[in-house]
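For reference, query28.txt (compact mmCIF, C-alpha atoms):
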# COMPACT_ATOMS: atom_id res chain seq x y z
CA MET A 1 60.14 -25.21 -28.40
CA THR A 2 59.14 -28.00 -26.02
CA PRO A 3 61.97 -28.83 -23.62
CA PHE A 4 62.80 -32.46 -22.96
CA PHE A 5 62.88 -31.97 -19.18
CA SER A 6 60.97 -29.62 -16.91
CA VAL A 7 62.95 -29.28 -13.69
CA ILE A 8 60.59 -28.43 -10.81
CA ILE A 9 62.16 -26.90 -7.70
CA SER A 10 60.09 -25.99 -4.63
CA VAL A 11 61.81 -23.41 -2.43
CA TYR A 12 61.01 -22.33 1.10
CA ASN A 13 63.74 -20.48 3.01
CA LYS A 14 66.71 -22.04 1.20
CA GLU A 15 68.83 -18.88 0.91
CA LYS A 16 72.03 -20.72 1.90
CA TYR A 17 71.51 -23.56 -0.55
CA ILE A 18 69.39 -22.57 -3.55
CA GLY A 19 72.24 -20.94 -5.45
CA ALA A 20 74.28 -24.15 -5.50
CA THR A 21 71.15 -26.13 -6.39
CA ILE A 22 70.36 -23.93 -9.41
CA ASN A 23 74.00 -24.00 -10.56
CA SER A 24 73.98 -27.80 -10.43
CA VAL A 25 71.14 -27.71 -12.99
CA LEU A 26 72.67 -25.02 -15.19
CA ASP A 27 75.93 -27.02 -15.29
CA GLN A 28 74.24 -30.13 -16.72
CA THR A 29 75.91 -31.73 -19.74
CA PHE A 30 72.42 -32.30 -21.20
CA ASP A 31 70.90 -28.86 -21.57
CA ASP A 32 67.47 -29.34 -23.16
CA PHE A 33 65.47 -28.29 -20.13
CA GLU A 34 63.47 -25.56 -18.46
CA ILE A 35 63.69 -24.75 -14.76
CA ILE A 36 60.53 -23.84 -12.88
CA VAL A 37 61.28 -22.59 -9.39
CA VAL A 38 58.25 -22.08 -7.16
CA ASN A 39 59.15 -19.77 -4.30
CA ASP A 40 56.74 -20.96 -1.61
CA GLY A 41 56.46 -17.80 0.47
CA SER A 42 60.11 -17.69 1.59
CA THR A 43 60.78 -15.14 4.32
CA ASP A 44 64.59 -15.16 3.97
CA GLY A 45 66.72 -14.07 1.02
CA SER A 46 65.86 -17.01 -1.27
CA LEU A 47 64.07 -14.82 -3.82
CA GLN A 48 66.95 -12.36 -3.96
CA VAL A 49 69.36 -15.21 -4.70
CA LEU A 50 67.05 -16.54 -7.42
CA ASN A 51 66.74 -13.11 -9.05
CA GLU A 52 70.52 -12.95 -9.46
CA PHE A 53 70.39 -15.68 -12.12
CA GLU A 54 70.08 -14.61 -15.73
CA ASP A 55 69.10 -17.58 -17.86
CA SER A 56 66.19 -17.75 -20.27
CA ARG A 57 65.43 -21.32 -19.14
CA LEU A 58 64.69 -20.18 -15.58
CA ASN A 59 61.10 -19.33 -14.67
CA ILE A 60 60.47 -18.09 -11.11
CA ILE A 61 56.96 -18.43 -9.71
CA ILE A 62 56.03 -16.62 -6.51
CA GLN A 63 53.23 -17.82 -4.25
CA ASP A 64 52.17 -17.56 -0.61
CA ASN A 65 53.45 -20.25 1.73
CA LEU A 66 51.10 -23.09 0.79
CA GLY A 67 53.47 -26.02 1.24
CA ALA A 68 55.64 -28.24 -0.93
CA SER A 69 52.70 -30.15 -2.41
CA HIS A 70 51.06 -26.96 -3.69
CA ALA A 71 54.39 -25.71 -5.02
CA ARG A 72 55.22 -28.90 -6.90
CA ASN A 73 51.71 -29.20 -8.31
CA LYS A 74 51.93 -25.60 -9.51
CA GLY A 75 55.21 -26.32 -11.26
CA ILE A 76 53.88 -29.50 -12.84
CA ASP A 77 50.73 -27.69 -14.03
CA ILE A 78 52.73 -25.15 -16.05
CA ALA A 79 55.53 -27.49 -17.16
CA LYS A 80 56.10 -27.77 -20.90
CA GLY A 81 58.54 -30.67 -20.85
CA LYS A 82 57.92 -34.27 -21.83
CA PHE A 83 59.43 -35.35 -18.51
CA ILE A 84 59.27 -33.88 -15.02
CA ALA A 85 62.47 -33.89 -12.95
CA LEU A 86 61.96 -32.97 -9.30
CA LEU A 87 64.70 -31.32 -7.27
CA ASP A 88 64.61 -30.06 -3.69
CA GLY A 89 65.86 -26.54 -3.11
CA ASP A 90 68.88 -27.62 -1.07
CA ASP A 91 70.09 -30.69 -2.98
CA ILE A 92 72.71 -31.07 -5.71
CA TRP A 93 72.78 -32.92 -9.03
CA ASP A 94 75.91 -34.40 -10.55
CA LYS A 95 76.54 -32.56 -13.82
CA GLN A 96 75.71 -35.73 -15.78
CA PHE A 97 72.41 -36.49 -14.02
CA LEU A 98 70.11 -35.46 -16.87
CA GLU A 99 72.43 -37.00 -19.46
CA HIS A 100 72.24 -40.38 -17.73
CA ILE A 101 68.48 -40.12 -17.25
CA GLU A 102 68.00 -39.22 -20.93
CA HIS A 103 70.08 -42.31 -21.80
CA ALA A 104 67.86 -44.43 -19.54
CA ILE A 105 64.76 -43.03 -21.24
CA LYS A 106 66.11 -43.84 -24.70
CA THR A 107 67.15 -47.31 -23.55
CA HIS A 108 63.71 -48.03 -22.04
CA PRO A 109 61.29 -45.86 -24.06
CA ASN A 110 58.22 -47.80 -22.92
CA HIS A 111 58.80 -46.98 -19.25
CA ALA A 112 57.63 -43.85 -17.48
CA VAL A 113 59.53 -43.45 -14.19
CA PHE A 114 63.29 -43.15 -13.71
CA SER A 115 65.63 -42.67 -10.77
CA CYS A 116 69.20 -43.18 -9.60
CA ALA A 117 71.32 -43.91 -6.55
CA ILE A 118 71.91 -41.04 -4.14
CA ALA A 119 74.38 -40.10 -1.41
CA HIS A 120 73.98 -37.98 1.71
CA GLN A 121 76.25 -34.96 1.90
CA TYR A 122 77.41 -33.69 5.29
CA ASP A 123 79.59 -30.62 4.70
CA SER A 124 82.28 -32.06 2.40
CA LYS A 125 81.64 -35.72 3.24
CA HIS A 126 79.54 -37.95 0.96
CA ILE A 127 77.94 -41.12 2.34
CA PRO A 128 76.30 -43.41 -0.26
CA VAL A 129 72.84 -44.68 0.60
CA SER A 130 72.60 -48.39 1.35
CA TYR A 131 70.01 -50.19 -0.78
CA SER A 132 68.46 -53.62 -0.32
CA PHE A 133 69.70 -54.90 -3.70
CA SER A 134 73.06 -55.16 -5.46
CA LEU A 135 74.11 -52.20 -7.54
CA THR A 136 75.40 -53.20 -10.97
CA GLU A 137 76.69 -51.25 -13.95
CA ASP A 138 73.45 -51.81 -15.84
CA LEU A 139 70.10 -50.07 -15.61
CA LEU A 140 67.71 -52.00 -13.38
CA ILE A 141 63.94 -52.42 -13.73
CA LEU A 142 62.62 -52.53 -10.18
CA ASP A 143 59.38 -52.86 -8.28
CA PHE A 144 59.31 -49.80 -6.03
CA PHE A 145 58.06 -51.56 -2.90
CA GLU A 146 60.26 -54.65 -3.18
CA ALA A 147 63.37 -52.55 -3.91
CA SER A 148 62.74 -49.99 -1.13
CA LYS A 149 63.18 -52.30 1.86
CA LYS A 150 66.20 -50.36 3.20
CA HIS A 151 65.97 -47.02 1.43
CA ALA A 152 63.36 -45.77 -1.03
CA ILE A 153 64.55 -45.81 -4.63
CA LEU A 154 62.59 -42.62 -5.35
CA SER A 155 63.36 -39.30 -3.73
CA GLY A 156 62.35 -35.68 -4.18
CA SER A 157 65.59 -34.95 -6.05
CA SER A 158 66.21 -38.14 -8.03
CA VAL A 159 62.83 -38.99 -9.56
CA VAL A 160 62.05 -38.22 -13.20
CA PHE A 161 58.73 -39.19 -14.76
CA LYS A 162 56.63 -38.69 -17.86
CA THR A 163 54.43 -35.66 -17.37
CA SER A 164 51.46 -37.74 -18.49
CA ILE A 165 51.54 -40.12 -15.48
CA ILE A 166 49.85 -37.49 -13.29
CA ALA A 167 46.59 -38.42 -15.02
CA THR A 168 46.97 -41.88 -13.46
CA THR A 169 48.69 -41.20 -10.12
CA GLY A 170 47.05 -37.88 -9.33
CA PRO A 171 49.08 -34.89 -8.05
CA PHE A 172 50.82 -34.43 -4.70
CA ASN A 173 48.28 -34.50 -1.88
CA THR A 174 47.91 -30.95 -0.55
CA ASN A 175 46.34 -32.20 2.68
CA TYR A 176 49.79 -33.30 3.85
CA THR A 177 52.25 -30.77 5.20
CA SER A 178 54.97 -33.42 5.56
CA GLY A 179 55.45 -36.90 4.14
CA GLU A 180 53.68 -36.00 0.90
CA ASP A 181 56.59 -37.49 -1.05
CA THR A 182 56.06 -40.94 0.39
CA ASP A 183 52.37 -40.86 -0.42
CA PHE A 184 53.14 -39.90 -4.02
CA TRP A 185 55.80 -42.63 -4.37
CA ILE A 186 53.22 -45.18 -3.24
CA ARG A 187 50.82 -44.14 -5.98
CA VAL A 188 53.63 -44.20 -8.53
CA GLY A 189 54.75 -47.64 -7.36
CA LEU A 190 51.25 -49.07 -7.63
CA HIS A 191 51.18 -48.31 -11.36
CA TYR A 192 54.73 -48.17 -12.69
CA PRO A 193 58.02 -50.08 -12.44
CA ILE A 194 61.11 -47.93 -11.86
CA VAL A 195 64.07 -47.74 -14.23
CA PHE A 196 66.96 -47.29 -11.80
CA SER A 197 70.52 -46.21 -12.49
CA PRO A 198 73.06 -47.51 -9.94
CA LYS A 199 75.24 -44.43 -10.47
CA ILE A 200 75.29 -41.90 -7.64
CA LEU A 201 74.10 -38.77 -9.41
CA VAL A 202 72.22 -36.93 -6.65
CA TYR A 203 73.45 -35.57 -3.34
CA TYR A 204 70.98 -35.05 -0.51
CA VAL A 205 72.47 -32.14 1.41
CA TYR A 206 71.95 -32.45 5.15
CA ASN A 207 70.26 -29.22 6.20
CA ARG A 208 69.67 -28.91 9.93
CA ASP A 209 66.91 -26.35 9.30
CA SER A 210 65.03 -28.50 6.79
CA LEU A 211 61.38 -29.30 7.55
CA SER A 212 62.12 -33.01 7.34
CA ASN A 213 64.77 -32.64 10.04
CA ASN A 214 62.53 -30.70 12.41
CA ILE A 215 59.63 -33.03 13.08
CA LYS A 216 56.82 -31.54 15.16
CA GLY A 217 54.82 -34.71 15.65
CA VAL A 218 52.69 -36.56 13.11
CA ALA A 219 49.96 -33.99 12.45
CA GLY A 220 49.67 -33.40 8.71
CA LYS A 221 51.45 -36.65 7.83
CA PRO A 222 49.93 -39.49 5.78
CA LYS A 223 47.87 -42.10 7.62
CA TYR A 224 48.21 -44.71 4.83
CA ASP A 225 44.68 -45.87 5.52
CA SER A 226 43.60 -45.47 1.91
CA TYR A 227 45.71 -48.43 0.81
CA HIS A 228 44.10 -51.18 2.88
CA GLU A 229 42.73 -53.09 -0.10
CA GLU A 230 45.96 -52.83 -2.10
CA GLU A 231 48.15 -53.99 0.78
CA LYS A 232 46.01 -57.11 1.23
CA LYS A 233 47.07 -58.19 -2.27
CA ASN A 234 50.64 -56.82 -2.35
CA LEU A 235 52.94 -58.11 0.39
CA HIS A 236 55.79 -55.81 -0.66
CA LEU A 237 53.47 -52.81 -0.39
CA LYS A 238 52.34 -54.00 3.05
CA THR A 239 55.96 -54.25 4.22
CA TYR A 240 56.76 -50.78 2.86
CA LEU A 241 53.71 -49.25 4.56
CA ASP A 242 54.49 -50.96 7.86
CA ARG A 243 58.04 -49.59 7.83
CA ASN A 244 56.65 -46.09 7.42
CA ARG A 245 53.96 -46.72 10.03
CA TYR A 246 56.69 -47.82 12.43
CA THR A 247 58.53 -44.51 11.99
CA LEU A 248 55.37 -42.52 12.59
CA ALA A 249 54.50 -44.67 15.61
CA ILE A 250 57.90 -43.84 17.11
CA PHE A 251 57.38 -40.13 16.38
CA SER A 252 53.97 -40.37 18.05
CA LYS A 253 55.50 -41.95 21.14
CA LEU A 254 58.22 -39.29 21.36
CA TYR A 255 55.62 -36.54 21.20
CA ASP A 256 53.19 -38.22 23.61
CA ASP A 257 50.52 -38.64 20.93
CA LYS A 258 48.93 -41.81 22.28
CA THR A 259 46.04 -41.83 19.81
CA SER A 260 48.32 -41.68 16.77
CA PHE A 261 50.72 -44.22 18.29
CA LYS A 262 47.90 -46.71 18.74
CA PHE A 263 46.58 -46.01 15.22
CA TYR A 264 49.92 -46.70 13.49
CA LYS A 265 51.01 -49.57 15.76
CA ASN A 266 47.74 -51.48 15.37
CA ALA A 267 48.05 -51.36 11.58
CA ILE A 268 51.50 -52.97 11.60
CA ASN A 269 52.19 -56.66 11.05
CA PRO A 270 55.09 -57.30 13.50
CA LYS A 271 56.57 -59.79 11.03
CA ASN A 272 57.42 -56.86 8.76
CA LEU A 273 59.68 -55.27 11.40
CA THR A 274 63.00 -56.33 12.88
CA TRP A 275 63.12 -57.55 16.47
CA LYS A 276 64.77 -54.26 17.46
CA GLN A 277 61.94 -52.26 15.89
CA ASN A 278 59.32 -54.37 17.63
CA LEU A 279 61.18 -53.86 20.90
CA LEU A 280 61.29 -50.07 20.45
CA LEU A 281 57.53 -50.05 19.98
CA MET A 282 57.25 -51.66 23.41
CA VAL A 283 59.74 -49.64 25.46
CA PRO A 284 58.91 -46.31 27.15
CA LYS A 285 59.76 -42.99 25.59
CA TRP A 286 62.77 -42.31 27.81
CA VAL A 287 64.57 -45.39 26.47
CA ILE A 288 64.29 -44.15 22.89
CA ASN A 289 65.43 -40.67 23.88
CA SER A 290 68.46 -42.18 25.64
CA LEU A 291 69.36 -44.25 22.58
CA LEU A 292 69.06 -41.18 20.34
CA LYS A 293 71.31 -39.20 22.68
CA ILE A 294 73.94 -41.96 22.58
CA LYS A 295 73.73 -42.06 18.80
CA SER A 296 74.23 -38.32 18.60
CA LEU A 297 77.19 -38.40 20.99
CA ASN A 298 78.81 -41.04 18.77
CA GLY A 299 78.78 -38.57 15.91
CA LYS A 300 75.87 -40.04 13.99
CA LYS A 301 73.25 -37.77 12.49
CA VAL A 302 69.84 -37.73 14.16
CA TYR A 303 67.18 -36.72 11.65
CA TYR A 304 64.70 -35.37 14.16
CA LYS A 305 64.87 -33.75 17.55
CA PRO A 306 62.81 -35.58 20.17
CA LEU A 307 61.27 -33.79 23.12

Written as C-alpha cells, how would this file's structure read?
Amino acid sequence: MTPFFSVIISVYNKEKYIGATINSVLDQTFDDFEIIVVNDGSTDGSLQVLNEFEDSRLNIIIQDNLGASHARNKGIDIAKGKFIALLDGDDIWDKQFLEHIEHAIKTHPNHAVFSCAIAHQYDSKHIPVSYSFSLTEDLLILDFFEASKKHAILSGSSVVFKTSIIATTGPFNTNYTSGEDTDFWIRVGLHYPIVFSPKILVYYVYNRDSLSNNIKGVAGKPKYDSYHEEEKKNLHLKTYLDRNRYTLAIFSKLYDDKTSFKFYKNAINPKNLTWKQNLLLMVPKWVINSLLKIKSLNGKKVYYKPL
C-alpha cells in the first residue's frame, strides 16, 4: 500500500528529544503515513531510543554522519508516499497536524506545497511566531518571499510537499552543512505558492545543543550568489535574500571573517533593511557583543554564541 504521507526525520544526536518527536507522529489523528528516520551517524543514544519503538510504519535508516541534506535526500529517495512531510528530530507536531494538512490538500488539490503556523517551545512555555501578515481562520495562498518578511512560512518541521516537486526544485544541496533549509525554501518559492494554515500545529523545541544554535561562522552556509538573475526580476526575493545576507554578514563580523562580511554586505540593498540593521552593519564587533549580552541578561534567547 502507498501511504499518503512519508514523514522524513533526520536525526543526529537527539537522544533527549527523538522519543517525544516520534510519539508526536504516532499520535496523529490521521494515520495513513510511513515514518523514515535517517540516523545520521549519531554518537549518543539516539539509535537505542529509536530501536525501542515497535511500529510497522517506522523505517530506521543508518548512515555515517554526512549531514542533514544527505539524510533528508536519502529519506526522500526511498519515500513511498504521495506527499513528503519533513520533521526535525527535536520538534513536536500537534496531534492534528497531518489531519489539517490532508484537509488543506483536499481543499486545494492543484497546489503542491503546504505549511502552517509554528510556535517556539522553551521548556513548558510556548511563544507563537510573529508573521508579517494577518492570521485568519481560512487557508491562505501565499507567495513565499512576500509572506516571509518577518519569519519564513516554511520550516524543517512544518513543510509538506508533493514528492514530485523534487524533479523541479532539485534536492537539498549537500554542499551546505548549515542553512540548507533556506536554500531549499528559495527554490520551492521560485516555483510554487504556499498553502498556509494559520493554526499553530508545530512546536520548534529550543535545543541549546542544536547545530543551528551553535554557529561556528559562515563556512558551509549558502552564498545566495546563484540567484542574481532571479532577484533582479523579483523584488520580494531580493528582500528575502538581503535579510538572510544581513544575518550572515553579522555572523561574519562576530567571527572576524572580513572576506565573508564584505561579500554579504556588498550584495545587500540597504533599503531592504531597517535602520537598526544598517547601523549594526556599521558598528564594531564589540558593540554587537554588548547588545547580545544585554539581551541575554534580560532573559531573551540568543540563538548563537558570539566569540

Name the closest residue to Ile250 (chain A) among the candidates A:Gly67, A:Pro3, A:Pro284, A:Gly75; distances are taken between atoms, counting all atoms listed in the file. A:Pro284

Which residue, A:Leu273, A:Ala85, A:Leu248, A:Val287, has the smallest gap to Phe261 (chain A) when you use only C-alpha atoms?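 So, comparing all the options, the nearest one is A:Leu248.
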
Report as a list in words all protein, DNA and RNA residues lying within 8 Å of Gln121 (chain A), evaluated on all atoms listed in the file, omitting residues in the same chain fewer than 5 positions from it.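 Residues near the query, excluding close chain neighbours: His126, Ile127, Tyr203, Tyr204, Val205 and Tyr206 of chain A.
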
Written selection (C-alpha atoms) as a PDB file, in the frame of the given file:
ATOM      1  CA  HIS A 126      79.540 -37.950   0.960  1.00  0.00           C
ATOM      2  CA  ILE A 127      77.940 -41.120   2.340  1.00  0.00           C
ATOM      3  CA  TYR A 203      73.450 -35.570  -3.340  1.00  0.00           C
ATOM      4  CA  TYR A 204      70.980 -35.050  -0.510  1.00  0.00           C
ATOM      5  CA  VAL A 205      72.470 -32.140   1.410  1.00  0.00           C
ATOM      6  CA  TYR A 206      71.950 -32.450   5.150  1.00  0.00           C
TER       7      TYR A 206
END

Separation of CA of Val202 (chain A) from CA of Lys221 (chain A) in Å: 25.3 Å

List every residue of region 262-285 of chain A that has an atom at most 12 Å from any atom of region 228-231 of chain A, giving for each one its closest atom pair and the distance in Å to one decimal, counting all atoms listed in the file, sorted by chain and then by ascending residue number, as a Markdown table.
| residue | atom | partner | partner_atom | distance |
| --- | --- | --- | --- | --- |
| A:Ala267 | CA | A:His228 | CA | 9.6 |
| A:Ile268 | CA | A:Glu231 | CA | 11.4 |
| A:Asn269 | CA | A:Glu231 | CA | 11.4 |

Nearest to Trp93 (chain A), chosen from A:Leu281, A:Ile35, A:Ile22, A:Val49, with only C-alpha atoms counted in the distances: A:Ile22

At a cut-off of 7 Å, can you tabulate as a tab-separated table every residue of region 195-297 of chain A near region 112-116 of chain A together with its closest atom pair and the distance in Å to one decimal, using all atoms listed in the file and ordering rows by chain then number?
residue	atom	partner	partner_atom	distance
A:Val195	CA	A:Phe114	CA	4.7
A:Phe196	CA	A:Ser115	CA	4.9
A:Ser197	CA	A:Cys116	CA	4.4
A:Pro198	CA	A:Cys116	CA	5.8
A:Lys199	CA	A:Cys116	CA	6.2
A:Ile200	CA	A:Cys116	CA	6.5
A:Leu201	CA	A:Cys116	CA	6.6

Please determine, counting only C-alpha atoms, which residue among A:Leu241, A:Ile60, A:Ala167, A:Val25 has the shortest atom-to-atom distance to Val38 (chain A).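 Answer, going by the shortest atom-to-atom distance: A:Ile60.
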